[in-house]
Every structure is written in structure tokens, then in C-alpha cells.
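Colleague: Contents of structure.txt (compact mmCIF, C-alpha atoms) are given next:
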```txt
# COMPACT_ATOMS: atom_id res chain seq x y z
CA MET A 1 0.00 0.00 0.00
CA SER A 2 1.44 3.39 -0.93
CA ARG A 3 1.51 6.53 0.96
CA ALA A 4 -0.98 8.04 -1.53
CA GLY A 5 -3.57 5.69 -0.09
CA ALA A 6 -4.28 3.93 -3.40
CA LYS A 7 -3.38 0.32 -4.11
CA CYS A 8 -0.07 0.05 -6.01
CA PRO A 9 -0.18 -1.52 -9.51
CA THR A 10 1.66 -4.78 -10.05
CA GLY A 11 5.11 -4.99 -11.57
CA ASP A 12 3.66 -6.25 -14.88
CA THR A 13 1.28 -3.30 -15.02
CA LEU A 14 4.12 -0.88 -14.33
CA SER A 15 6.23 -2.56 -17.01
CA ALA A 16 3.36 -2.19 -19.47
CA PHE A 17 3.00 1.43 -18.41
CA VAL A 18 6.68 2.09 -19.04
CA ASP A 19 6.36 0.45 -22.46
CA GLY A 20 3.32 2.66 -23.27
CA GLU A 21 1.02 -0.33 -23.53
CA VAL A 22 -1.58 0.80 -20.99
CA ARG A 23 -4.55 2.49 -22.59
CA ALA A 24 -6.37 5.65 -21.47
CA PRO A 25 -7.76 6.46 -18.99
CA TRP A 26 -5.74 3.91 -16.97
CA ASP A 27 -2.43 5.32 -18.08
CA GLN A 28 -3.34 8.70 -16.57
CA ALA A 29 -4.46 7.09 -13.32
CA ILE A 30 -1.18 5.14 -13.10
CA ALA A 31 0.78 8.30 -13.89
CA ARG A 32 -0.94 10.13 -11.08
CA HIS A 33 -0.27 7.24 -8.74
CA VAL A 34 3.38 7.03 -9.70
CA GLU A 35 3.81 10.75 -9.03
CA ALA A 36 2.34 10.34 -5.59
CA CYS A 37 3.95 6.97 -4.71
CA PRO A 38 7.74 6.95 -4.23
CA GLY A 39 7.99 3.17 -4.40
CA CYS A 40 6.22 2.99 -7.72
CA ARG A 41 8.17 5.98 -8.97
CA GLU A 42 11.40 4.21 -8.16
CA ALA A 43 10.13 1.03 -9.86
CA VAL A 44 9.13 2.94 -12.97
CA ALA A 45 12.50 4.68 -13.05
CA CYS A 46 14.25 1.31 -12.78
CA LEU A 47 12.14 -0.16 -15.56
CA GLY A 48 12.83 2.85 -17.71
CA ARG A 49 16.59 2.50 -17.26
CA LEU A 50 16.39 -1.18 -18.14
CA ARG A 51 14.37 -0.41 -21.25
CA GLU A 52 16.88 2.18 -22.38
CA ARG A 53 19.75 -0.19 -21.84
CA LEU A 54 18.07 -3.01 -23.79
CA ALA A 55 17.33 -0.62 -26.61
CA ARG A 56 20.96 0.53 -26.62
CA ASP A 57 22.59 -2.94 -26.71
CA PRO A 58 21.73 -5.10 -29.79
CA ALA A 59 20.97 -8.80 -29.33
CA PRO A 60 24.21 -10.80 -29.15
CA GLU A 61 25.00 -13.06 -32.15
CA PRO A 62 25.40 -16.81 -31.53
CA ARG A 63 29.00 -17.80 -30.98
CA LEU A 64 30.22 -20.40 -33.52
CA PRO A 65 33.64 -22.03 -33.68
CA PRO A 66 35.80 -20.39 -36.29
CA LEU A 67 36.08 -22.24 -39.62
CA PRO A 68 39.52 -23.54 -40.52
CA PRO A 69 41.20 -21.44 -43.13
CA HIS A 70 41.47 -23.19 -46.50
CA SER A 71 42.11 -22.30 -50.03
CA GLY A 72 40.96 -23.90 -53.26
CA ARG A 73 38.71 -26.98 -53.61
CA VAL A 74 38.01 -29.24 -50.66
CA ARG A 75 39.02 -32.85 -51.45
CA PRO A 76 37.23 -35.48 -49.33
CA VAL A 77 39.48 -38.01 -47.65
CA PRO A 78 38.79 -41.59 -48.85
CA VAL A 79 37.30 -43.92 -46.28
CA TRP A 80 40.25 -46.31 -46.42
CA ARG A 81 42.64 -43.45 -45.65
CA ARG A 82 40.75 -42.14 -42.70
CA ARG A 83 42.35 -42.78 -39.40
CA ILE A 84 40.29 -44.68 -36.87
CA ALA A 85 41.25 -44.59 -33.28
CA LEU A 86 40.53 -47.94 -31.60
CA PRO A 87 41.55 -49.15 -28.18
CA LEU A 88 44.13 -51.95 -28.39
CA PRO A 89 41.83 -54.72 -26.99
CA ALA A 90 39.10 -53.78 -29.48
CA ALA A 91 41.58 -53.80 -32.37
CA ALA A 92 42.91 -57.21 -31.29
CA ALA A 93 39.39 -58.60 -31.01
CA ALA A 94 38.50 -57.29 -34.47
CA ALA A 95 41.65 -58.83 -35.97
CA LEU A 96 40.86 -62.20 -34.35
CA ALA A 97 37.28 -62.06 -35.60
CA ILE A 98 38.42 -61.36 -39.16
CA LEU A 99 40.97 -64.19 -38.97
CA GLY A 100 38.37 -66.61 -37.63
CA LEU A 101 35.91 -65.67 -40.38
CA GLY A 102 38.58 -66.21 -43.03
CA VAL A 103 39.51 -69.62 -41.63
CA ALA A 104 35.86 -70.66 -41.47
CA LEU A 105 35.24 -69.57 -45.07
CA ALA A 106 38.33 -71.44 -46.22
CA ALA A 107 37.19 -74.56 -44.36
CA VAL A 108 33.75 -74.44 -45.96
CA ALA A 109 35.23 -73.84 -49.42
CA GLY A 110 37.73 -76.66 -49.01
CA ARG A 111 35.24 -79.20 -47.74
CA PRO A 112 34.68 -82.02 -50.23
CA LYS A 113 31.17 -82.22 -51.65
CA LEU A 114 30.28 -85.73 -50.56
CA PRO A 115 26.79 -87.11 -50.22
CA TRP A 116 25.43 -86.33 -46.84
CA MET A 117 23.78 -88.95 -44.68
CA SER A 118 21.89 -88.68 -41.46
CA ILE A 119 20.44 -91.47 -39.31
CA ARG A 120 17.71 -90.64 -36.84
CA HIS A 121 16.23 -93.12 -34.40
CA GLY A 122 12.59 -92.41 -33.66
CA PRO A 123 10.92 -93.03 -30.30
CA ALA A 124 8.86 -95.97 -31.61
CA GLY A 125 11.92 -97.89 -32.78
CA THR A 126 11.76 -96.39 -36.23
CA THR A 127 14.90 -95.40 -38.06
CA GLU A 128 14.94 -92.60 -40.57
CA VAL A 129 17.80 -92.49 -43.05
CA ILE A 130 18.27 -89.38 -45.10
CA VAL A 131 20.77 -89.37 -47.93
CA ALA A 132 21.26 -86.13 -49.77
CA ALA A 133 23.64 -84.99 -52.45
CA PRO A 134 24.95 -81.46 -52.12
CA VAL A 135 23.30 -79.12 -54.58
CA GLU A 136 23.75 -75.42 -54.98
CA ASP A 137 20.89 -74.42 -57.21
CA LEU A 138 17.73 -75.76 -58.81
CA GLU A 139 19.47 -76.65 -62.06
CA GLN A 140 22.02 -78.78 -60.25
CA LEU A 141 19.26 -80.40 -58.21
CA LEU A 142 17.38 -81.37 -61.38
CA ARG A 143 20.61 -82.67 -62.93
CA THR A 144 21.28 -84.72 -59.81
CA LEU A 145 17.79 -86.19 -59.82
CA ASP A 146 18.03 -86.94 -63.52
CA GLN A 147 21.47 -88.51 -63.29
CA PRO A 148 21.09 -92.17 -64.33
CA SER A 149 24.01 -93.29 -62.17
CA ARG A 150 22.07 -92.34 -59.06
CA ALA A 151 19.62 -95.15 -59.73
CA SER A 152 20.30 -98.83 -60.18
CA GLN A 153 19.75 -99.49 -63.85
CA LEU A 154 18.78 -102.59 -65.71
CA VAL A 155 19.13 -102.76 -69.47
CA ILE A 156 16.90 -105.18 -71.31
CA HIS A 157 17.19 -105.75 -75.02
CA LEU A 158 13.89 -106.43 -76.70
CA PRO A 159 13.70 -109.17 -79.32
CA ALA A 160 14.68 -107.99 -82.74
CA ASP A 161 11.48 -108.96 -84.47
CA SER A 162 9.11 -107.46 -81.94
CA GLN A 163 6.63 -105.20 -83.62
CA LEU A 164 5.56 -102.97 -80.80
CA ILE A 165 3.46 -99.90 -81.23
CA MET A 166 1.89 -97.41 -78.92
CA VAL A 167 -1.63 -98.65 -78.40
CA GLY A 168 -2.83 -96.29 -75.70
CA GLU A 169 -2.13 -94.53 -72.46
CA PRO A 170 0.55 -96.20 -70.32
CA GLN A 171 -1.00 -98.14 -67.45
CA LEU A 172 0.20 -99.19 -64.01
CA VAL A 173 -2.16 -101.70 -62.42
CA ARG A 174 -2.09 -104.35 -59.74
CA GLU A 175 -2.15 -107.79 -61.26
CA ALA A 176 -5.24 -108.71 -59.25
CA ASP A 177 -7.14 -105.75 -60.69
CA TYR A 178 -5.86 -106.54 -64.19
CA SER A 179 -6.93 -110.18 -64.00
CA ARG A 180 -10.32 -109.20 -62.62
CA GLY A 181 -10.73 -106.69 -65.45
CA ARG A 182 -9.85 -109.27 -68.08
CA ARG A 183 -12.38 -111.70 -66.68
CA TRP A 184 -15.06 -109.03 -67.03
CA MET B 1 60.93 -61.06 -49.60
CA VAL B 2 58.18 -63.15 -48.06
CA LYS B 3 54.98 -61.26 -47.73
CA PRO B 4 53.49 -61.30 -44.28
CA ARG B 5 50.16 -62.72 -45.56
CA LEU B 6 51.80 -65.97 -46.79
CA PRO B 7 51.81 -67.69 -43.36
CA LEU B 8 48.13 -66.90 -43.06
CA VAL B 9 47.43 -68.64 -46.38
CA PHE B 10 49.34 -71.72 -45.20
CA LEU B 11 47.38 -71.69 -41.98
CA ILE B 12 44.07 -71.54 -43.84
CA LEU B 13 45.09 -74.37 -46.22
CA ALA B 14 46.17 -76.57 -43.32
CA PHE B 15 42.91 -75.95 -41.53
CA ALA B 16 40.90 -76.78 -44.68
CA GLY B 17 42.83 -80.03 -45.09
CA LEU B 18 42.08 -81.02 -41.53
CA GLN B 19 38.41 -80.30 -42.10
CA ALA B 20 38.32 -82.52 -45.22
CA ARG B 21 40.02 -85.37 -43.36
CA ALA B 22 37.54 -85.03 -40.51
CA GLN B 23 34.68 -85.22 -43.02
CA ASP B 24 36.09 -88.44 -44.53
CA SER B 25 36.50 -90.10 -41.16
CA GLU B 26 32.97 -89.06 -40.24
CA LEU B 27 31.60 -90.79 -43.34
CA ASP B 28 33.70 -93.88 -42.61
CA ARG B 29 32.28 -94.01 -39.13
CA ILE B 30 28.73 -93.70 -40.47
CA PHE B 31 29.15 -96.45 -43.05
CA GLN B 32 30.70 -98.85 -40.52
CA ASP B 33 27.99 -98.19 -38.00
CA GLN B 34 26.14 -101.29 -36.88
CA ASP B 35 22.98 -99.24 -36.95
CA LEU B 36 23.13 -99.51 -40.72
CA GLN B 37 21.87 -103.04 -40.26
CA SER B 38 18.53 -101.33 -39.93
CA LEU B 39 18.89 -100.47 -43.59
CA ILE B 40 18.59 -104.17 -44.38
CA ASP B 41 15.33 -104.20 -42.49
CA ARG B 42 14.07 -101.49 -44.77
CA ALA B 43 15.61 -102.80 -47.99
CA LEU B 44 13.30 -104.00 -50.72
CA GLN B 45 13.95 -106.33 -53.61
CA LEU B 46 12.29 -105.52 -56.88
CA ASN B 47 11.85 -108.44 -59.21
CA ILE B 48 11.32 -107.05 -62.66
CA THR B 49 10.21 -109.09 -65.63
CA ALA B 50 9.69 -107.64 -69.06
CA LYS B 51 7.36 -109.57 -71.34
CA VAL B 52 6.22 -109.25 -74.91
CA LEU B 53 2.74 -110.66 -75.08
CA PRO B 54 1.64 -111.75 -78.52
CA PRO B 55 -1.92 -112.69 -79.23
CA GLY B 56 -2.54 -115.64 -76.94
CA GLU B 57 -1.73 -116.27 -73.35
CA ALA B 58 1.91 -117.42 -73.39
CA PRO B 59 4.50 -114.64 -73.58
CA ALA B 60 6.67 -114.75 -76.66
CA TRP B 61 9.66 -113.46 -74.79
CA ASN B 62 10.54 -112.41 -71.32
CA SER B 63 13.53 -111.16 -69.41
CA ALA B 64 13.72 -111.24 -65.63
CA SER B 65 16.06 -109.53 -63.24
CA SER B 66 16.03 -108.22 -59.71
CA GLN B 67 17.44 -105.26 -57.83
CA VAL B 68 17.74 -104.48 -54.15
CA THR B 69 16.91 -100.95 -53.25
CA LEU B 70 15.66 -98.76 -50.43
CA PRO B 71 12.37 -96.96 -50.19
CA GLY B 72 12.72 -93.72 -52.10
CA ARG B 73 15.63 -94.96 -54.19
CA SER B 74 14.84 -95.66 -57.82
CA VAL B 75 15.47 -98.66 -59.99
CA ALA B 76 15.73 -97.75 -63.64
CA VAL B 77 14.92 -100.15 -66.43
CA ARG B 78 15.92 -99.49 -70.01
CA LEU B 79 14.28 -101.45 -72.77
CA VAL B 80 16.05 -101.18 -76.07
CA GLY B 81 14.53 -102.38 -79.32
CA ASP B 82 15.03 -101.80 -83.02
CA ASN B 83 12.94 -98.70 -83.25
CA LEU B 84 12.07 -98.36 -79.63
CA HIS B 85 13.74 -96.99 -76.55
CA ILE B 86 11.94 -97.09 -73.23
CA ASP B 87 13.21 -95.78 -69.90
CA VAL B 88 11.16 -96.70 -66.88
CA VAL B 89 12.07 -95.63 -63.38
CA PHE B 90 10.42 -97.54 -60.57
CA THR B 91 10.56 -96.00 -57.11
CA PRO B 92 9.04 -97.76 -54.12
CA TYR B 93 7.97 -95.56 -51.25
CA GLN B 94 7.11 -96.83 -47.81
CA GLY B 95 4.77 -95.04 -45.43
CA GLU B 96 4.98 -94.88 -41.65
CA GLY B 97 2.74 -97.91 -41.30
CA GLY B 98 4.81 -99.97 -43.74
CA ASP B 99 2.38 -99.51 -46.62
CA LEU B 100 4.07 -99.44 -50.00
CA VAL B 101 3.44 -97.25 -53.00
CA LEU B 102 5.13 -97.92 -56.32
CA VAL B 103 5.76 -94.97 -58.60
CA ALA B 104 6.54 -95.61 -62.25
CA GLN B 105 7.93 -92.90 -64.47
CA GLY B 106 8.09 -93.88 -68.12
CA GLN B 107 9.64 -92.29 -71.19
CA VAL B 108 9.21 -93.78 -74.62
CA TRP B 109 11.01 -92.86 -77.83
CA MET B 110 9.56 -94.54 -80.87
CA ALA B 111 11.27 -94.05 -84.21
CA GLY B 112 9.00 -94.15 -87.22
CA ALA B 113 9.68 -93.79 -90.91
CA GLN B 114 9.02 -90.08 -90.85
CA GLU B 115 9.43 -88.99 -87.27
CA THR B 116 10.40 -89.99 -83.76
CA ARG B 117 7.62 -89.84 -81.21
CA TYR B 118 8.13 -89.27 -77.53
CA PHE B 119 5.77 -90.15 -74.73
CA THR B 120 6.12 -89.68 -71.03
CA THR B 121 4.04 -90.81 -68.11
CA PHE B 122 3.99 -90.81 -64.34
CA LYS B 123 1.87 -93.37 -62.48
CA SER B 124 1.60 -94.64 -58.94
CA VAL B 125 -0.25 -97.50 -57.29
CA PRO B 126 -0.44 -98.79 -53.71
CA VAL B 127 0.96 -102.28 -53.45
CA ASP B 128 1.38 -105.02 -50.87
CA ALA B 129 4.63 -106.87 -50.32
CA GLY B 130 4.88 -109.80 -52.70
CA GLU B 131 2.10 -108.50 -54.90
CA LYS B 132 2.62 -108.19 -58.64
CA VAL B 133 2.18 -104.86 -60.34
CA LEU B 134 1.97 -104.60 -64.12
CA PHE B 135 3.21 -101.64 -66.10
CA PHE B 136 2.32 -101.22 -69.73
CA PRO B 137 4.59 -98.47 -71.06
CA LEU B 138 3.08 -98.64 -74.56
CA GLY B 139 -0.46 -98.72 -73.31
CA LEU B 140 -2.94 -101.48 -72.88
CA SER B 141 -5.08 -102.37 -75.81
CA PRO B 142 -8.55 -103.73 -75.14
CA ASN B 143 -7.69 -106.31 -77.80
CA VAL B 144 -4.77 -107.73 -75.84
CA GLY B 145 -4.68 -111.47 -76.33
CA ARG B 146 -6.84 -111.11 -79.39
CA GLY B 147 -6.14 -110.08 -82.95
CA ASP B 148 -2.56 -109.32 -83.89
CA THR B 149 -1.69 -106.75 -81.25
CA PHE B 150 1.52 -107.24 -79.29
CA THR B 151 1.72 -105.85 -75.78
CA LEU B 152 4.80 -104.93 -73.79
CA GLN B 153 4.34 -105.65 -70.12
CA ILE B 154 6.70 -105.07 -67.21
CA GLU B 155 5.94 -107.02 -64.09
CA VAL B 156 7.24 -105.73 -60.79
CA GLU B 157 7.18 -107.63 -57.54
CA ILE B 158 8.32 -106.02 -54.31
CA PHE B 159 9.62 -108.15 -51.44
CA PRO B 160 11.10 -107.09 -48.12
CA TYR B 161 14.77 -108.02 -48.46
CA ARG B 162 15.04 -109.27 -44.86
CA GLU B 163 12.32 -111.88 -45.52
CA LEU B 164 14.14 -113.13 -48.61
CA LEU B 165 17.38 -113.42 -46.64
CA GLU B 166 15.69 -115.44 -43.92
CA LYS B 167 14.08 -117.71 -46.50
CA GLN B 168 17.47 -118.28 -48.10
CA LYS B 169 19.01 -119.11 -44.73
CA ALA B 170 16.15 -121.45 -43.90
CA SER B 171 16.42 -123.25 -47.24
CA ALA B 172 20.20 -123.51 -46.85
CA GLY B 173 19.77 -125.06 -43.40
CA GLU B 174 17.36 -127.77 -44.57
```
Have the structure of the file written as C-alpha cells, please.
Modeller:
Amino acid sequence: MSRAGAKCPTGDTLSAFVDGEVRAPWDQAIARHVEACPGCREAVACLGRLRERLARDPAPEPRLPPLPPHSGRVRPVPVWRRRIALPLPAAAAAALAILGLGVALAAVAGRPKLPWMSIRHGPAGTTEVIVAAPVEDLEQLLRTLDQPSRASQLVIHLPADSQLIMVGEPQLVREADYSRGRRW
Amino acid sequence: MVKPRLPLVFLILAFAGLQARAQDSELDRIFQDQDLQSLIDRALQLNITAKVLPPGEAPAWNSASSQVTLPGRSVAVRLVGDNLHIDVVFTPYQGEGGDLVLVAQGQVWMAGAQETRYFTTFKSVPVDAGEKVLFFPLGLSPNVGRGDTFTLQIEVEIFPYRELLEKQKASAGE
């Protein structure tokens, strides 16, 4: 409460008054109060000095690190020439990993391509035998399946004077069904 | 001057050689395994007889042979004639319950005066052990046994190999 007996305006109101943002007739009422109230007069004077100072000093520019001086075109450094700083244990681990990968690749490449066999014993006494030839693509798989040497082959020479012709669709029948059909 | 990478190459080659040797010994161990006796239990013998049936009941010619195989492994039969070339691949398959299915894949090349004709077929039939299955790669004429039509017939019988072995042992012991 001021000595003038009126309620003092808030700091925001005084700041707006100093900035000229308070409209009539309130600006005149505040002016009268400030004249009569030493506290508010001091506050207004302080705000005025601050405003003048802010108006005098321009906003500071952001501080950036200075660019390195260079001349001519900038040539990027190739990746393989860039220096990488690695701790010694990490470098040793990386070298070991690369060596291990190389050895594993060499082992796989040097492994002979033999037929692969697996025997599995089932719980009910069954035995499953899987024999597979190594194939790398579909063409090789088809060649492998089509290879005559994979199957046991019998060669039968037909009699020279046999006069055989195609008489219909090839048939595969059980002998019992065939005999029954012939009786019909 | 020896390049520093040369020892590494020798090391890799030595390691690859060891791997190959380990693979060989692994296969040797598998093939000498007594468990492979179970293969004999699963082995099948295919008795295959090719017949040329002229009009009439008695075959004019036949040729019989047999092959031991495993379920899933094929037995190929090649019939070679003057103007005829037939490839038949028989593959027995065995289900979990022991039921057998015979698959026949046939290819026929027939040379004529003007052209060579090619036929192919793929057939399957369920079959019991010891049962005969007939395959007619050139088809089955309704006039078989009548008229002047010749028929080519391939008979296939499938026997469990273990049973045949036991029969042989029994007959040898008598």
C-alpha cells in the first residue's frame, strides 16, 4: 500500500505502463499514482533505465567455432585413408574375428562335396535315413535327380522282331485288378 | 621377400585339409555303424520281368532280373529295341505304417519312318509286399490277347529283403 492511499499496480502493469502499452484512462491514473507513490516511482524509473539499456545494446550473435582457413577446392578423404582410433583390446578382437571368419570360409570352401547322410532313431523304434547330395541351385538339383548313375539301372534288349506300337495310355495296375478286369 | 600374408594362407590351407580329413572319417564311421543293419530291415527287392505278349496267353519273350533298393531310391529299367527306346524308373515308397506305394515314371522314344515320337508318363499305385504290379509303357489295348496286337508288359514284384534273406538261410539249413 502506498503513501498516496491507493493500491499500487503490479510490476507487470508498471512494465506495461513504461512500455506505453496501458490504454487511457488507466495510463493517466497510473501516472498520477506514480507521481504520488515513491515506491512505484522508483520502480518505474528502474524499468525505464532497463528499457533504455536493452534498446541501446543489440541482441548478441550466436557464438560459432571459427572455420579452418582453406584455399581452393576441398578434397574429401577416402574412407580407407581415414584414421580410426581404436583401443588396443578392441583392435585385437577385431583382428581375431576377421581371422576366424577367413579360416571358417576357407574350411567351408575346401570341404569335399560328398553325399550327406543322417540317421535318426525315432521313439517308436523307427529309423529314418536321409541321404542327400549337395546341390547349390535348382538346375544342379534337377541334374542330380536326372542322373542315371544315381539309380540302379537294368538294361533289357527287346527281341529284334518285336513289332511294338503305342496302343494307348501307359497303365500301371495291380495284377489282381488286371486279372479281374480281363475276366469281365 | 616373403609377404606377411603368406603364413596366413598356409594356416588356412592346413585348416581346410584337416576339415576334409575329418569329413572323410565321419563318413567312414557312419558307413561302418552297426545301426546300418537297420537299412537291411528297410531294404526292398524288386523283381522285374519284361514280357512281350503276342496274341494268346503265353509270352513270346521275357527277361527277368532283380534289384535291391531302399524306399525312395529308384530302380531304372531301359528297354532297347530296333525302333524303340523305353526308360522306366520304378521308385518304391514306404509309409509310416509300412504300406508301399510304387511310382513308375516312363519315357518312350519310338522311331518311325518319318518322325520320332516321344511319350512320357507318371503313375503310382499302392501295393502289398509280394504282390505283382503290371506296367504297360506302350499302353494297354482292349484287344490284348486277341487279334494281332503285341503288348509290352513289365511285371514288378516287391519283397522285403530281410524276408528273402531269412528264406534263403532257412532253405540252406534244410
Colleague: Identify every residue of chain B that has at least one atom within 7 Å of any atom of chain A, counting all atoms listed in the file, and report the result as an MDAnalysis selection string.
Modeller: chainID B and resid 12 15:16 19:20 73:82 121 123:125 132:141 150:151
Colleague: Which distance in Å separates CA of Glu96 in chain B and CA of Leu39 in chain B, to one decimal?
Modeller: 15.1 Å
Colleague: I'd like to know which of A:Ile98, A:Trp80, A:Gly48, A:Ala31 is closest to Leu8 in chain B, using only C-alpha atoms.
Modeller: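 That would be A:Ile98, the residue with the smallest distance to Leu8 in chain B.
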Colleague: Considering all atoms listed in the file, can you say which of B:Leu164, B:Val156, B:Val108, B:Ala14 comes closest to Ser63 in chain B?
Modeller: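 Of B:Leu164, B:Val156, B:Val108, B:Ala14, the one nearest Ser63 in chain B, counting all atoms listed in the file, is B:Val156.
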Colleague: So what do you get for CA of Arg56 in chain A versus CA of Gln28 in chain A, distance-wise?
Modeller: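 Taking CA of Arg56 in chain A and CA of Gln28 in chain A, their separation equals 27.5 Å.
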Colleague: For Tyr161 in chain B, find every residue with an atom within 12 Å (counting only C-alpha atoms), except residues of its own chain fewer than 5 positions away, and show them as a PyMOL selection string.
Modeller: chain B and resi 37-47+66-71+129-130+166-168
Colleague: What's the separation between CA of Pro7 in chain B and CA of Leu96 in chain A, in Å to one decimal place?
Modeller: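 Calculated distance between CA of Pro7 in chain B and CA of Leu96 in chain A is 15.2 Å.
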Colleague: Can you tell me which residues surround Phe119 in chain B at a distance of at most 8 Å, considering only C-alpha atoms, apart from same-chain residues fewer than 4 positions away, and format the answer as a list in words?
Modeller: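 The residues satisfying every condition are Gly106, Gln107, Val108 and Trp109 of chain B.
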Colleague: The residues within 7 Å of (6.2, -107.6, -72.6), using all atoms listed in the file and the coordinates of the file, should be reported as a compact mmCIF listing (two decimals) with C-alpha atoms, in the coordinates of the input; which are they?
Modeller:
```
# COMPACT_ATOMS: atom_id res chain seq x y z
CA ALA B 50 9.69 -107.64 -69.06
CA LYS B 51 7.36 -109.57 -71.34
CA VAL B 52 6.22 -109.25 -74.91
CA LEU B 53 2.74 -110.66 -75.08
CA ASN B 62 10.54 -112.41 -71.32
CA THR B 151 1.72 -105.85 -75.78
CA LEU B 152 4.80 -104.93 -73.79
CA GLN B 153 4.34 -105.65 -70.12
CA ILE B 154 6.70 -105.07 -67.21
```
